[in-house]
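Asks: A single structure is presented below for examination.
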Amino acid sequence: MRKLLFLLPGTTQKFHCGGLFAELKTIELVKQICPVEIITYRQREPDKAYLDDILASKPQDAIFVVSWGFDVPKLVARLRGYPTIYHAHSSEYGFRLPPQIPIVCVSRNTLGYWGQRSPHALLYYLPNQISDEFVNRQTDRSIDVLVHSRKSSDYLLKQLIPALQPHCKVEIIEGFVDSLSELFNRSRVYLYDSAEYWATQGVTEGFGLQPLEAMACGCQVFSSVNHGLSDYLDPGFNCYKIAGFSTAYDVDRILEVVKSAAPVNNLESLLAEYRTANIMSRLQVILSEIDRFFDRVNLNKSDMLDFSDRRILQLRLSKALKSIQKKLKR
């Protein structure tokens, strides 16, 4: 199997975000299947190769993996002629991809987007991994309500939390935390509301790992259900939809759950999809298929017509013309 070259803008603190951490976790899993190397392209780092140098050496028998959404069009243009995979987290960046680039999607929501946006590419579903540390340790829960301020809506921070604070213990996470699993195991309820954040960003919530991690640790979760979150959140059954009708209604529901202190049950089958064993099994199949694909095809020869704006216009005009001709024959 070919070596995979994962392209990242950098790995230092200024690039830290959920997407980077998810990509680094994926890289660690891929290392168990085939050779892997991290390549940076925005900044040079002393312990990593740099994209300009790699391309100058004209690498053979390697597959490039791109993932940083805003950079993908420029990277794909630079990598023309080389086997390339797009590891798709968020969507709605606006670009299209040619059929010679397989797309591996972290959520079914993103998979559906690319099924329409790039209908002739090979498409695969590879969810993000829940680390083994995220389990219910059956410990005492001293925090009633836990919130992470990052990505949280104004409603959550300015309306709901102030309304909750007189009635229960609310803890707000402001920055990076060494062990979220520990905090989740100390909390009864976790609040997450990212729909506003992603609406202002103009792209989607690719996966939304924190609500699932909180559920795995036994928290009751009140969350928005936008984009990738809809893969696993099932309001009324394994979570509650936040921002439901009014602040007062949200407060009543949250306090009722805090008082009941009942953890989410029967999550084993749901969580199994995101645990290491299933991810590794899917990775083996996906990477083997992609490797065979690059063995068999000439990357410059595809006879598929993509859904470009021009082609969509042509199809609509053709359909309208056929409709007119049909009416004239009556």
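If you're wondering about the labels, chains in the structure tokens are A, B, ... by order shown, residues count from 1 in each chain, ligands from 1 in order shown.
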Excluding Asp52 of chain A and residues on its chain fewer than 2 positions from it, collect all residues at most 12 Å away from it, counting only C-alpha atoms, and give them as a list in words.
Replies: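 Answer for this query is Leu7, Ile39, Thr40, Tyr41, Arg42, Gln43, Arg44, Ala49, Tyr50, Ile54, Leu55, Ala56, Ser57, Lys58, Pro59, Leu75, Arg78 and Leu79 of chain A.
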Asks: If you run DSSP on the backbone here, which positions in segment 190-328 of chain A get helix (DSSP H, G or I)? Please write them as a PyMOL selection string.
Replies: chain A and resi 195-201+209-216+227-231+247-260+268-272+276-296+309-328
Asks: Of the candidates A:Val170, A:Ala62, A:Ile286, A:Ile101, which shows the shortest atom-to-atom distance to Ala77 of chain A, using only C-alpha atoms?
Replies: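 The shortest atom-to-atom distance to Ala77 of chain A comes from A:Ile101.
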Asks: Restricting the calculation to only C-alpha atoms, which member of A:Gln116, A:Gln159, A:Ser153, A:Ser318 is positioned closest to Glu196 of chain A?
Replies: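 With only C-alpha atoms as the atom set, the closest residue is A:Ser153.
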Asks: So, counting only C-alpha atoms, which residue among A:Ala272, A:Ser246, A:Pro162, A:His120 is closest to Leu305 of chain A?
Replies: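 The answer is A:His120, which sits nearest to Leu305 of chain A.
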Asks: For each of A:Ser142, A:Ser149, A:Ser269, A:Thr204, take the minimum atom-to-atom distance to Gly94 of chain A, counting only C-alpha atoms, then give the residue where this is smallest.
Replies: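 For Gly94 of chain A, the nearest of the given residues is A:Thr204.
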Asks: Report as a Markdown table: every residue of segment 180-228 of chain A with an atom at most 12 Å from segment 21-32 of chain A, its closest pair of atoms, and their distance in Å to one decimal, counting only C-alpha atoms, with rows sorted by chain and ascending residue number.
Replies:
| residue | atom | partner | partner_atom | distance |
| --- | --- | --- | --- | --- |
| A:Gly206 | CA | A:Ala22 | CA | 10.7 |
| A:Phe207 | CA | A:Ala22 | CA | 9.8 |
| A:Gly208 | CA | A:Ala22 | CA | 10.5 |
| A:Leu209 | CA | A:Ala22 | CA | 9.1 |
| A:Gln210 | CA | A:Ala22 | CA | 11.6 |
Asks: Using C-alpha atoms, can you export the residues from the last selection as a PDB file, in the first residue's frame?
Replies:
ATOM      1  CA  GLY A 206     -18.278  18.785  10.081  1.00  0.00           C
ATOM      2  CA  PHE A 207     -18.802  16.375  12.958  1.00  0.00           C
ATOM      3  CA  GLY A 208     -19.177  18.001  16.384  1.00  0.00           C
ATOM      4  CA  LEU A 209     -17.286  15.570  18.580  1.00  0.00           C
ATOM      5  CA  GLN A 210     -17.845  17.108  22.021  1.00  0.00           C
TER       6      GLN A 210
END
Asks: Can you list every residue of segment 2-118 of chain A that has an atom at most 8 Å from segment 223-240 of chain A, with its nearest atom pair and the distance in Å to one decimal, using only C-alpha atoms, ordered by chain then number, as CSV?
Replies:
residue,atom,partner,partner_atom,distance
A:Ser107,CA,A:Gly228,CA,5.7
A:Arg108,CA,A:Asp231,CA,6.2
A:Asn109,CA,A:Gly228,CA,5.3
A:Thr110,CA,A:Gly228,CA,7.0
Asks: Export all heavy atoms of the chosen residues as a PDB file, in the first residue's frame?
Replies:
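What landed in part-v8.pdb:
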ATOM      1  N   SER A 107     -18.674  12.588   8.254  1.00  0.00           N
ATOM      2  CA  SER A 107     -20.065  12.435   8.694  1.00  0.00           C
ATOM      3  C   SER A 107     -20.927  12.093   7.490  1.00  0.00           C
ATOM      4  O   SER A 107     -20.562  12.348   6.336  1.00  0.00           O
ATOM      5  CB  SER A 107     -20.585  13.723   9.345  1.00  0.00           C
ATOM      6  OG  SER A 107     -20.718  14.756   8.382  1.00  0.00           O
ATOM      7  N   ARG A 108     -22.094  11.510   7.759  1.00  0.00           N
ATOM      8  CA  ARG A 108     -23.019  11.223   6.667  1.00  0.00           C
ATOM      9  C   ARG A 108     -23.570  12.514   6.090  1.00  0.00           C
ATOM     10  O   ARG A 108     -23.916  12.583   4.911  1.00  0.00           O
ATOM     11  CB  ARG A 108     -24.158  10.331   7.173  1.00  0.00           C
ATOM     12  CG  ARG A 108     -23.696   8.911   7.482  1.00  0.00           C
ATOM     13  CD  ARG A 108     -24.877   8.010   7.820  1.00  0.00           C
ATOM     14  NE  ARG A 108     -24.429   6.631   7.998  1.00  0.00           N
ATOM     15  CZ  ARG A 108     -24.007   6.117   9.149  1.00  0.00           C
ATOM     16  NH1 ARG A 108     -23.964   6.889  10.225  1.00  0.00           N
ATOM     17  NH2 ARG A 108     -23.629   4.861   9.233  1.00  0.00           N
ATOM     18  N   ASN A 109     -23.664  13.560   6.910  1.00  0.00           N
ATOM     19  CA  ASN A 109     -24.091  14.857   6.421  1.00  0.00           C
ATOM     20  C   ASN A 109     -23.140  15.368   5.341  1.00  0.00           C
ATOM     21  O   ASN A 109     -23.562  15.811   4.266  1.00  0.00           O
ATOM     22  CB  ASN A 109     -24.150  15.834   7.597  1.00  0.00           C
ATOM     23  CG  ASN A 109     -24.659  17.201   7.209  1.00  0.00           C
ATOM     24  OD1 ASN A 109     -23.908  18.075   6.793  1.00  0.00           O
ATOM     25  ND2 ASN A 109     -25.954  17.410   7.339  1.00  0.00           N
ATOM     26  N   THR A 110     -21.832  15.273   5.607  1.00  0.00           N
ATOM     27  CA  THR A 110     -20.834  15.688   4.618  1.00  0.00           C
ATOM     28  C   THR A 110     -20.824  14.736   3.422  1.00  0.00           C
ATOM     29  O   THR A 110     -20.654  15.162   2.273  1.00  0.00           O
ATOM     30  CB  THR A 110     -19.439  15.740   5.270  1.00  0.00           C
ATOM     31  OG1 THR A 110     -19.472  16.687   6.350  1.00  0.00           O
ATOM     32  CG2 THR A 110     -18.371  16.173   4.281  1.00  0.00           C
TER      33      THR A 110
END
Asks: Could you pull out the strand (DSSP E or B) residues of segment 138-240 of chain A from DSSP and send them as a VMD selection string?
Replies: chain A and resid 143 to 148 170 to 173 187 to 192 220 to 223 235 239 to 240
Asks: Can I get the selection written as a compact mmCIF listing (two decimals), in the first residue's frame, with N, CA and C atoms?
Replies:
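Below is the file part-v6.txt, written as the result:
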# COMPACT_ATOMS: atom_id res chain seq x y z
N ILE A 143 -20.72 19.03 39.11
CA ILE A 143 -21.08 20.14 38.22
C ILE A 143 -22.47 19.85 37.65
N ASP A 144 -23.40 20.76 37.84
CA ASP A 144 -24.74 20.54 37.29
C ASP A 144 -24.77 20.73 35.78
N VAL A 145 -24.20 21.85 35.32
CA VAL A 145 -24.25 22.19 33.90
C VAL A 145 -22.86 22.63 33.44
N LEU A 146 -22.37 22.03 32.37
CA LEU A 146 -21.06 22.36 31.80
C LEU A 146 -21.25 22.97 30.42
N VAL A 147 -20.48 24.03 30.15
CA VAL A 147 -20.55 24.74 28.87
C VAL A 147 -19.14 25.07 28.42
N HIS A 148 -18.87 24.92 27.13
CA HIS A 148 -17.61 25.39 26.54
C HIS A 148 -17.95 26.65 25.75
N VAL A 170 -23.18 26.07 37.46
CA VAL A 170 -22.80 26.10 36.05
C VAL A 170 -21.29 26.35 35.96
N GLU A 171 -20.59 25.53 35.18
CA GLU A 171 -19.16 25.76 34.96
C GLU A 171 -18.94 26.04 33.47
N ILE A 172 -18.22 27.13 33.20
CA ILE A 172 -17.95 27.55 31.82
C ILE A 172 -16.48 27.34 31.51
N ILE A 173 -16.20 26.60 30.47
CA ILE A 173 -14.82 26.39 30.02
C ILE A 173 -14.48 27.50 29.04
N SER A 187 -19.84 16.11 35.37
CA SER A 187 -20.99 16.96 35.01
C SER A 187 -22.25 16.13 34.77
N ARG A 188 -23.40 16.74 35.08
CA ARG A 188 -24.68 16.09 34.84
C ARG A 188 -25.21 16.41 33.45
N VAL A 189 -25.07 17.69 33.05
CA VAL A 189 -25.63 18.16 31.78
C VAL A 189 -24.54 18.91 31.01
N TYR A 190 -24.48 18.68 29.70
CA TYR A 190 -23.55 19.43 28.85
C TYR A 190 -24.38 20.20 27.82
N LEU A 191 -24.10 21.49 27.69
CA LEU A 191 -24.81 22.35 26.73
C LEU A 191 -23.91 22.67 25.54
N TYR A 192 -24.47 22.55 24.33
CA TYR A 192 -23.70 22.81 23.12
C TYR A 192 -24.64 23.44 22.10
N GLN A 220 -26.07 14.08 30.23
CA GLN A 220 -27.23 14.39 29.41
C GLN A 220 -26.86 15.62 28.57
N VAL A 221 -27.19 15.59 27.30
CA VAL A 221 -26.74 16.63 26.37
C VAL A 221 -27.93 17.42 25.84
N PHE A 222 -27.81 18.75 25.93
CA PHE A 222 -28.72 19.67 25.25
C PHE A 222 -27.91 20.32 24.14
N SER A 223 -28.32 20.14 22.90
CA SER A 223 -27.47 20.57 21.78
C SER A 223 -28.30 21.06 20.60
N PRO A 235 -32.97 13.84 19.20
CA PRO A 235 -33.68 14.53 20.29
C PRO A 235 -34.89 13.74 20.79
N CYS A 239 -30.74 12.71 23.46
CA CYS A 239 -30.35 14.09 23.77
C CYS A 239 -31.59 14.96 23.81
N TYR A 240 -31.38 16.26 24.04
CA TYR A 240 -32.45 17.25 23.99
C TYR A 240 -32.04 18.35 23.03
Asks: Quote the spacing between atom CA of Ser131 of chain A and atom CA of Ile290 of chain A in Å to one decimal place.
Replies: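 Calculated distance between atom CA of Ser131 of chain A and atom CA of Ile290 of chain A is 25.7 Å.
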Asks: Between A:Gln100, A:Thr247, A:Thr12, A:Ser67, single out the one closest to Phe293 of chain A, counting only C-alpha atoms.
Replies: A:Gln100
Asks: Can you pull out the residues contacting segment 297-304 of chain A? Cut-off 12 Å, using only C-alpha atoms, and skip same-chain residues under 4 positions away; I want them as a PyMOL selection string.
Replies: chain A and resi 79-84+98-102+118-121+290-293+308+311
Asks: Would you pick out the contacts of Ile85 of chain A at 8 Å or less, using only C-alpha atoms, so that residues sharing its chain but fewer than 4 positions from it are not included, and give the list as a VMD selection string?
Replies: chain A and resid 63 to 66 101 to 104
Asks: Given the selection you just returned, output its residues as a file containing all heavy atoms, formatted as a tab-separated table (two decimals), in the first residue's frame.
Replies:
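The resulting part_25.tsv:
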chain	number	residue	atom	x	y	z
A	63	ILE	N	0.44	8.93	-1.90
A	63	ILE	CA	-0.87	9.56	-2.06
A	63	ILE	C	-0.92	10.76	-1.13
A	63	ILE	O	-0.65	10.65	0.07
A	63	ILE	CB	-2.02	8.59	-1.72
A	63	ILE	CG1	-1.99	7.36	-2.64
A	63	ILE	CG2	-3.37	9.29	-1.84
A	63	ILE	CD1	-2.98	6.28	-2.24
A	64	PHE	N	-1.26	11.92	-1.68
A	64	PHE	CA	-1.42	13.13	-0.87
A	64	PHE	C	-2.83	13.15	-0.26
A	64	PHE	O	-3.81	12.77	-0.92
A	64	PHE	CB	-1.21	14.38	-1.71
A	64	PHE	CG	0.22	14.61	-2.12
A	64	PHE	CD1	0.70	14.12	-3.32
A	64	PHE	CD2	1.08	15.31	-1.29
A	64	PHE	CE1	2.02	14.33	-3.70
A	64	PHE	CE2	2.40	15.53	-1.66
A	64	PHE	CZ	2.88	15.03	-2.86
A	65	VAL	N	-2.93	13.61	0.98
A	65	VAL	CA	-4.22	13.76	1.65
A	65	VAL	C	-4.39	15.22	2.03
A	65	VAL	O	-3.60	15.76	2.82
A	65	VAL	CB	-4.31	12.87	2.91
A	65	VAL	CG1	-5.71	13.00	3.53
A	65	VAL	CG2	-4.01	11.41	2.58
A	66	VAL	N	-5.41	15.88	1.47
A	66	VAL	CA	-5.70	17.27	1.80
A	66	VAL	C	-6.96	17.30	2.66
A	66	VAL	O	-7.86	16.47	2.50
A	66	VAL	CB	-5.88	18.14	0.54
A	66	VAL	CG1	-4.60	18.16	-0.28
A	66	VAL	CG2	-7.05	17.65	-0.31
A	101	ILE	N	-10.34	12.42	-7.64
A	101	ILE	CA	-9.98	12.62	-6.23
A	101	ILE	C	-11.03	11.93	-5.35
A	101	ILE	O	-12.16	12.44	-5.20
A	101	ILE	CB	-9.90	14.12	-5.88
A	101	ILE	CG1	-8.79	14.78	-6.70
A	101	ILE	CG2	-9.64	14.31	-4.39
A	101	ILE	CD1	-8.59	16.25	-6.42
A	102	PRO	N	-10.71	10.79	-4.75
A	102	PRO	CA	-11.64	10.17	-3.79
A	102	PRO	C	-11.87	11.08	-2.59
A	102	PRO	O	-10.96	11.79	-2.16
A	102	PRO	CB	-10.91	8.87	-3.38
A	102	PRO	CG	-9.93	8.61	-4.48
A	102	PRO	CD	-9.50	9.97	-4.96
A	103	ILE	N	-13.09	11.03	-2.06
A	103	ILE	CA	-13.46	11.89	-0.94
A	103	ILE	C	-13.87	11.02	0.24
A	103	ILE	O	-14.80	10.21	0.13
A	103	ILE	CB	-14.61	12.84	-1.33
A	103	ILE	CG1	-14.22	13.67	-2.56
A	103	ILE	CG2	-14.97	13.76	-0.17
A	103	ILE	CD1	-15.36	14.47	-3.15
A	104	VAL	N	-13.16	11.17	1.35
A	104	VAL	CA	-13.45	10.43	2.58
A	104	VAL	C	-14.10	11.40	3.56
A	104	VAL	O	-13.47	12.39	3.96
A	104	VAL	CB	-12.17	9.81	3.17
A	104	VAL	CG1	-12.49	9.03	4.44
A	104	VAL	CG2	-11.49	8.89	2.15
Asks: Pick from A:Ile254, A:Leu111, A:Leu51, A:Leu126: nearest to Lys169 of chain A, with only C-alpha atoms counted?
Replies: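 The shortest atom-to-atom distance to Lys169 of chain A comes from A:Ile254.
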